[in-house]
Amino acid sequence: VHLIPVNPVREDGLNPKSRKRIMPDLLTEPPAIDPVYEAHVYCNIPSIAERSMEGHAPHYFKLVSVQVLIRHGDRYPLYAIPKTKRPDIDCMLVPSRKPSHPQLEAFIKHMSKGSAAQMDGSLSSLPRYPSHSLCEMGELTQTGVVQHLRNGQQLREIYINKHKLLPSDWTAKQLYLETTGKSRTLQSALALLYTFLPDFDWKKITMRHQWSTIFCSGSCDCPMRNHYLEEEQRRQYSLRVKNNDLEKIYVDMAKIVGIPTRQLRASNPIDSLLCYFCHNVTFPCTKTGCIGMEHFKVIKRHQLEDERERQEKKLYFLYALLATHPFLNQTVNRLQRIAEGKKEEVFVLYSAHDVTLSPVLSALGVTEARFPRFAARLVFELWQDGKRPKEHFIRILYNGADITFQTSFCKDHYKRSSKPMCPLEKFVNFVKRDMFLIFNSTSYYDACRRRAL
């Protein structure tokens, strides 16, 4: 028997080494932009059950397909703040530690048997669940696993138990699963599927690998997309240079950690600080001083201002239209096949990143949506009208909220319709034709080579 010493863990999941609580209790949404509240929303700590609007339709409608695009769950930072101790976060899955889930223990057992799954290329070499006692950079945390176990459970109650989207004897052909080649996206997909599927059978799991974070598959050659992205990055840089408060904060933080300001900025400290914040761990200190809540607030506030200006300036919108057309086109083609009576790929899961979800929301014209939090989910539902079986409608939901009528192609439809959804052909026309109007083009290929009006 090998006895491994561990730090005792309190019931709240924190090490007993005294950690100051840094996350305030927030009960109601503040009236003005509050960086601390927004950071709290971004963390998406699993606590109370969410109300969700998925699966709502008049009783004579039949749900025929669901396509889900998720962002991976909570992760360890991708960047480290130089000359500071990395946040002390454990990526072992421990069912007795909070946040937990009733099926976490069964999930761990099931994942350790995963040899029968079909995994594309490099996916087969990735671990099925996080398992390091000190998280590796970018690794999914226990919080991230629990977020997607909850997502899967919520979607199962609606789509499987209520709407019977998949039968108990479902087959591999009824699913389409795709993930980027990062362990955090693969593990997030598996956590969601584990609690979603009527029964999780490895032999029926075929996970496809998507090498591109914008899921452009074989249609990635698009010079103007890259042009708008560069323009957008210039806009970001110019906004940052104008922000004196931000510059002062960076100078102060650089002094604390003892490095040049430019080096600190390049290490993207907000990514690391959000991890401290979301896990309620005290921000790092050195002999010179401590990084504190004021530093965090100024950087987070700038991030929120940047998002607001990004919506106004439209460069990101032009990038988003070109970046997401291949993905939206694939989505529309599949919905059309199912509307024509095909019974394959009725449930689709894409496991992705914030840089995947954010341009999709922008391209759809949803300007009010928050930046994708950890474990964000965007859902496309396809419904058949029971009274007129040839007519199909879609609903689009973001984190459980119905955003169908916030989209550019359906925002006026609800004024003329008694049905709480959008005709499928409106979505089809948008993706096949209207997305290119701003580029004075009629095709993706042409739009990728022509400037917008």
# chains A, B, ... in the order shown; residues from 1 in each chain; ligands from 1
>>> select_by_dssp(residues="range 82-311 of chain A", states="helix (DSSP H, G or I)", output="NGL selection string")
:A and (104-111 or 114-116 or 121-125 or 142-162 or 172-174 or 183-196 or 202-204 or 223-242 or 244-257 or 261-266 or 269-278 or 293-311)
>>> residues_around(residues="range 269-278 of chain A", least_positions_apart="6", cutoff="7 Å", atoms="only C-alpha atoms", output="ChimeraX atom specification")
/A:22-23,43,76-77,79-81,87,296,299
>>> residues_around(residues="range 359-373 of chain A", least_positions_apart="6", cutoff="6 Å", atoms="only C-alpha atoms", output="list in words")
Tyr42, Phe317, Ala320, Leu321, Thr324, Gln406, Thr407 and Ser408 of chain A
>>> write_last_selection(atoms="N, CA and C atoms", output="CSV table (one decimal), in the first residue's frame")
chain,number,residue,atom,x,y,z
A,42,TYR,N,-19.1,35.5,-15.6
A,42,TYR,CA,-18.1,34.8,-16.5
A,42,TYR,C,-17.7,33.4,-15.9
A,317,PHE,N,-17.7,42.4,-36.6
A,317,PHE,CA,-18.9,41.9,-37.2
A,317,PHE,C,-18.6,41.4,-38.6
A,320,ALA,N,-16.6,38.3,-38.2
A,320,ALA,CA,-17.5,37.2,-37.7
A,320,ALA,C,-18.3,36.6,-38.9
A,321,LEU,N,-18.8,37.4,-39.8
A,321,LEU,CA,-19.6,36.9,-40.9
A,321,LEU,C,-18.8,35.9,-41.7
A,324,THR,N,-17.6,32.6,-39.6
A,324,THR,CA,-18.5,31.6,-39.2
A,324,THR,C,-19.4,31.1,-40.3
A,406,GLN,N,-33.7,38.1,-31.4
A,406,GLN,CA,-32.6,39.1,-31.3
A,406,GLN,C,-31.7,38.9,-32.6
A,407,THR,N,-31.9,37.9,-33.3
A,407,THR,CA,-31.1,37.7,-34.5
A,407,THR,C,-31.5,38.6,-35.6
A,408,SER,N,-30.5,39.0,-36.5
A,408,SER,CA,-30.8,40.0,-37.5
A,408,SER,C,-31.8,39.5,-38.5
>>> closest_residue(among="A:Trp383, A:Ser441, A:Ile291, A:Thr180", to="Pro420 in chain A", atoms="only C-alpha atoms")
A:Trp383
>>> residues_around(residues="range 254-266 of chain A", least_positions_apart="4", cutoff="9 Å", atoms="only C-alpha atoms", output="list in words")
Ile81, Pro82, Lys83, Thr84, Glu247, Ile249, Tyr250, Cys285, Thr286, Lys287, Thr288, Gly289, Cys290 and Ile291 of chain A
>>> write_last_selection(atoms="N, CA and C atoms", output="PDB file, in the first residue's frame")
ATOM      1  N   ILE A  81       1.485  34.796 -14.837  1.00  0.00           N
ATOM      2  CA  ILE A  81       2.065  36.117 -14.553  1.00  0.00           C
ATOM      3  C   ILE A  81       3.514  35.875 -14.131  1.00  0.00           C
ATOM      4  N   PRO A  82       4.477  36.417 -14.866  1.00  0.00           N
ATOM      5  CA  PRO A  82       5.884  36.120 -14.554  1.00  0.00           C
ATOM      6  C   PRO A  82       6.236  36.458 -13.109  1.00  0.00           C
ATOM      7  N   LYS A  83       7.124  35.645 -12.561  1.00  0.00           N
ATOM      8  CA  LYS A  83       7.706  35.856 -11.214  1.00  0.00           C
ATOM      9  C   LYS A  83       6.671  35.813 -10.090  1.00  0.00           C
ATOM     10  N   THR A  84       5.531  35.153 -10.328  1.00  0.00           N
ATOM     11  CA  THR A  84       4.574  34.933  -9.230  1.00  0.00           C
ATOM     12  C   THR A  84       4.319  33.437  -9.142  1.00  0.00           C
ATOM     13  N   GLU A 247      -3.055  51.913 -18.220  1.00  0.00           N
ATOM     14  CA  GLU A 247      -1.591  52.013 -18.302  1.00  0.00           C
ATOM     15  C   GLU A 247      -0.983  52.116 -16.899  1.00  0.00           C
ATOM     16  N   ILE A 249      -2.218  51.051 -14.096  1.00  0.00           N
ATOM     17  CA  ILE A 249      -2.370  49.761 -13.404  1.00  0.00           C
ATOM     18  C   ILE A 249      -1.302  48.773 -13.870  1.00  0.00           C
ATOM     19  N   TYR A 250      -1.047  48.743 -15.181  1.00  0.00           N
ATOM     20  CA  TYR A 250      -0.014  47.844 -15.705  1.00  0.00           C
ATOM     21  C   TYR A 250       1.369  48.228 -15.180  1.00  0.00           C
ATOM     22  N   CYS A 285       1.178  37.773  -4.492  1.00  0.00           N
ATOM     23  CA  CYS A 285       1.993  38.803  -3.823  1.00  0.00           C
ATOM     24  C   CYS A 285       3.470  38.536  -4.089  1.00  0.00           C
ATOM     25  N   THR A 286       4.263  39.590  -3.989  1.00  0.00           N
ATOM     26  CA  THR A 286       5.730  39.452  -3.999  1.00  0.00           C
ATOM     27  C   THR A 286       6.252  40.251  -2.811  1.00  0.00           C
ATOM     28  N   LYS A 287       7.578  40.306  -2.667  1.00  0.00           N
ATOM     29  CA  LYS A 287       8.162  41.111  -1.563  1.00  0.00           C
ATOM     30  C   LYS A 287       7.817  42.588  -1.720  1.00  0.00           C
ATOM     31  N   THR A 288       7.544  42.998  -2.958  1.00  0.00           N
ATOM     32  CA  THR A 288       7.280  44.423  -3.228  1.00  0.00           C
ATOM     33  C   THR A 288       5.832  44.819  -2.951  1.00  0.00           C
ATOM     34  N   GLY A 289       4.924  43.840  -2.939  1.00  0.00           N
ATOM     35  CA  GLY A 289       3.512  44.176  -2.723  1.00  0.00           C
ATOM     36  C   GLY A 289       2.599  43.109  -3.302  1.00  0.00           C
ATOM     37  N   CYS A 290       1.309  43.426  -3.360  1.00  0.00           N
ATOM     38  CA  CYS A 290       0.331  42.448  -3.830  1.00  0.00           C
ATOM     39  C   CYS A 290      -0.479  43.013  -4.988  1.00  0.00           C
ATOM     40  N   ILE A 291      -0.786  42.139  -5.918  1.00  0.00           N
ATOM     41  CA  ILE A 291      -1.784  42.499  -6.932  1.00  0.00           C
ATOM     42  C   ILE A 291      -3.140  42.422  -6.231  1.00  0.00           C
TER      43      ILE A 291
END
>>> closest_residue(among="A:Gln174, A:Met224, A:Asn280, A:Ser212", to="Ile89 in chain A", atoms="only C-alpha atoms")
A:Asn280
>>> residues_around(residues="range 346-355 of chain A", least_positions_apart="6", cutoff="9 Å", atoms="only C-alpha atoms", output="JSON, numbers by chain")
{"A": [64, 65, 66, 67, 68, 69, 70, 71, 72, 165, 166, 173, 174, 175, 176, 177, 178, 179, 180, 185, 186, 188, 189, 193, 213, 214, 215, 334, 335, 338, 371, 372, 373, 374, 376]}
>>> write_last_selection(atoms="C-alpha atoms", output="mmCIF file, in the first residue's frame")
data_model
loop_
_atom_site.group_PDB
_atom_site.id
_atom_site.type_symbol
_atom_site.label_atom_id
_atom_site.label_comp_id
_atom_site.auth_asym_id
_atom_site.auth_seq_id
_atom_site.Cartn_x
_atom_site.Cartn_y
_atom_site.Cartn_z
ATOM 1 C CA VAL A 64 -36.876 16.987 -34.663
ATOM 2 C CA SER A 65 -33.268 18.158 -34.171
ATOM 3 C CA VAL A 66 -31.011 19.902 -31.668
ATOM 4 C CA GLN A 67 -27.552 21.293 -32.420
ATOM 5 C CA VAL A 68 -25.450 22.495 -29.513
ATOM 6 C CA LEU A 69 -22.267 24.588 -29.608
ATOM 7 C CA ILE A 70 -20.496 24.773 -26.237
ATOM 8 C CA ARG A 71 -17.504 26.535 -24.815
ATOM 9 C CA HIS A 72 -15.350 24.289 -22.624
ATOM 10 C CA LEU A 165 -35.351 13.272 -29.175
ATOM 11 C CA LEU A 166 -33.282 10.057 -28.883
ATOM 12 C CA LYS A 173 -25.803 7.597 -36.642
ATOM 13 C CA GLN A 174 -28.188 9.777 -34.634
ATOM 14 C CA LEU A 175 -25.277 11.759 -33.148
ATOM 15 C CA TYR A 176 -22.702 14.048 -34.692
ATOM 16 C CA LEU A 177 -19.872 14.964 -32.288
ATOM 17 C CA GLU A 178 -16.965 17.270 -33.035
ATOM 18 C CA THR A 179 -14.303 18.899 -30.861
ATOM 19 C CA THR A 180 -11.092 20.850 -31.216
ATOM 20 C CA THR A 185 -12.847 20.645 -25.156
ATOM 21 C CA LEU A 186 -12.841 16.841 -25.464
ATOM 22 C CA SER A 188 -16.179 19.042 -21.671
ATOM 23 C CA ALA A 189 -17.948 17.202 -24.520
ATOM 24 C CA LEU A 193 -22.687 13.590 -23.172
ATOM 25 C CA THR A 213 -11.151 26.961 -33.661
ATOM 26 C CA ILE A 214 -13.689 28.613 -36.006
ATOM 27 C CA PHE A 215 -14.783 25.193 -37.339
ATOM 28 C CA ARG A 334 -28.007 19.516 -41.753
ATOM 29 C CA LEU A 335 -31.258 21.187 -40.613
ATOM 30 C CA ILE A 338 -33.615 16.642 -41.332
ATOM 31 C CA PHE A 371 -19.058 37.351 -23.967
ATOM 32 C CA PRO A 372 -19.167 33.527 -23.699
ATOM 33 C CA ARG A 373 -18.696 32.472 -20.080
ATOM 34 C CA PHE A 374 -17.159 29.145 -19.073
ATOM 35 C CA ALA A 376 -21.583 28.643 -22.334
#
>>> closest_residue(among="A:Ala57, A:Leu155, A:Val428, A:Met293", to="Val379 in chain A", atoms="only C-alpha atoms")
A:Leu155
>>> closest_residue(among="A:Tyr316, A:Phe327, A:Tyr37, A:Phe61", to="Lys419 in chain A", atoms="only C-alpha atoms")
A:Phe61
>>> closest_residue(among="A:Ala323, A:Ile108, A:Leu424, A:Val145", to="Thr356 in chain A", atoms="only C-alpha atoms")
A:Ala323
>>> closest_residue(among="A:Ser168, A:Asn243, A:Ser100, A:Gln330", to="Thr141 in chain A", atoms="only C-alpha atoms")
A:Ser100
>>> select_by_dssp(residues="range 41-72 of chain A", states="strand (DSSP E)", output="PyMOL selection string")
chain A and resi 61-71
>>> residues_around(residues="Met421 in chain A", least_positions_apart="5", cutoff="8 Å", atoms="only C-alpha atoms", output="MDAnalysis selection string")
chainID A and resid 393:395 404:405 414
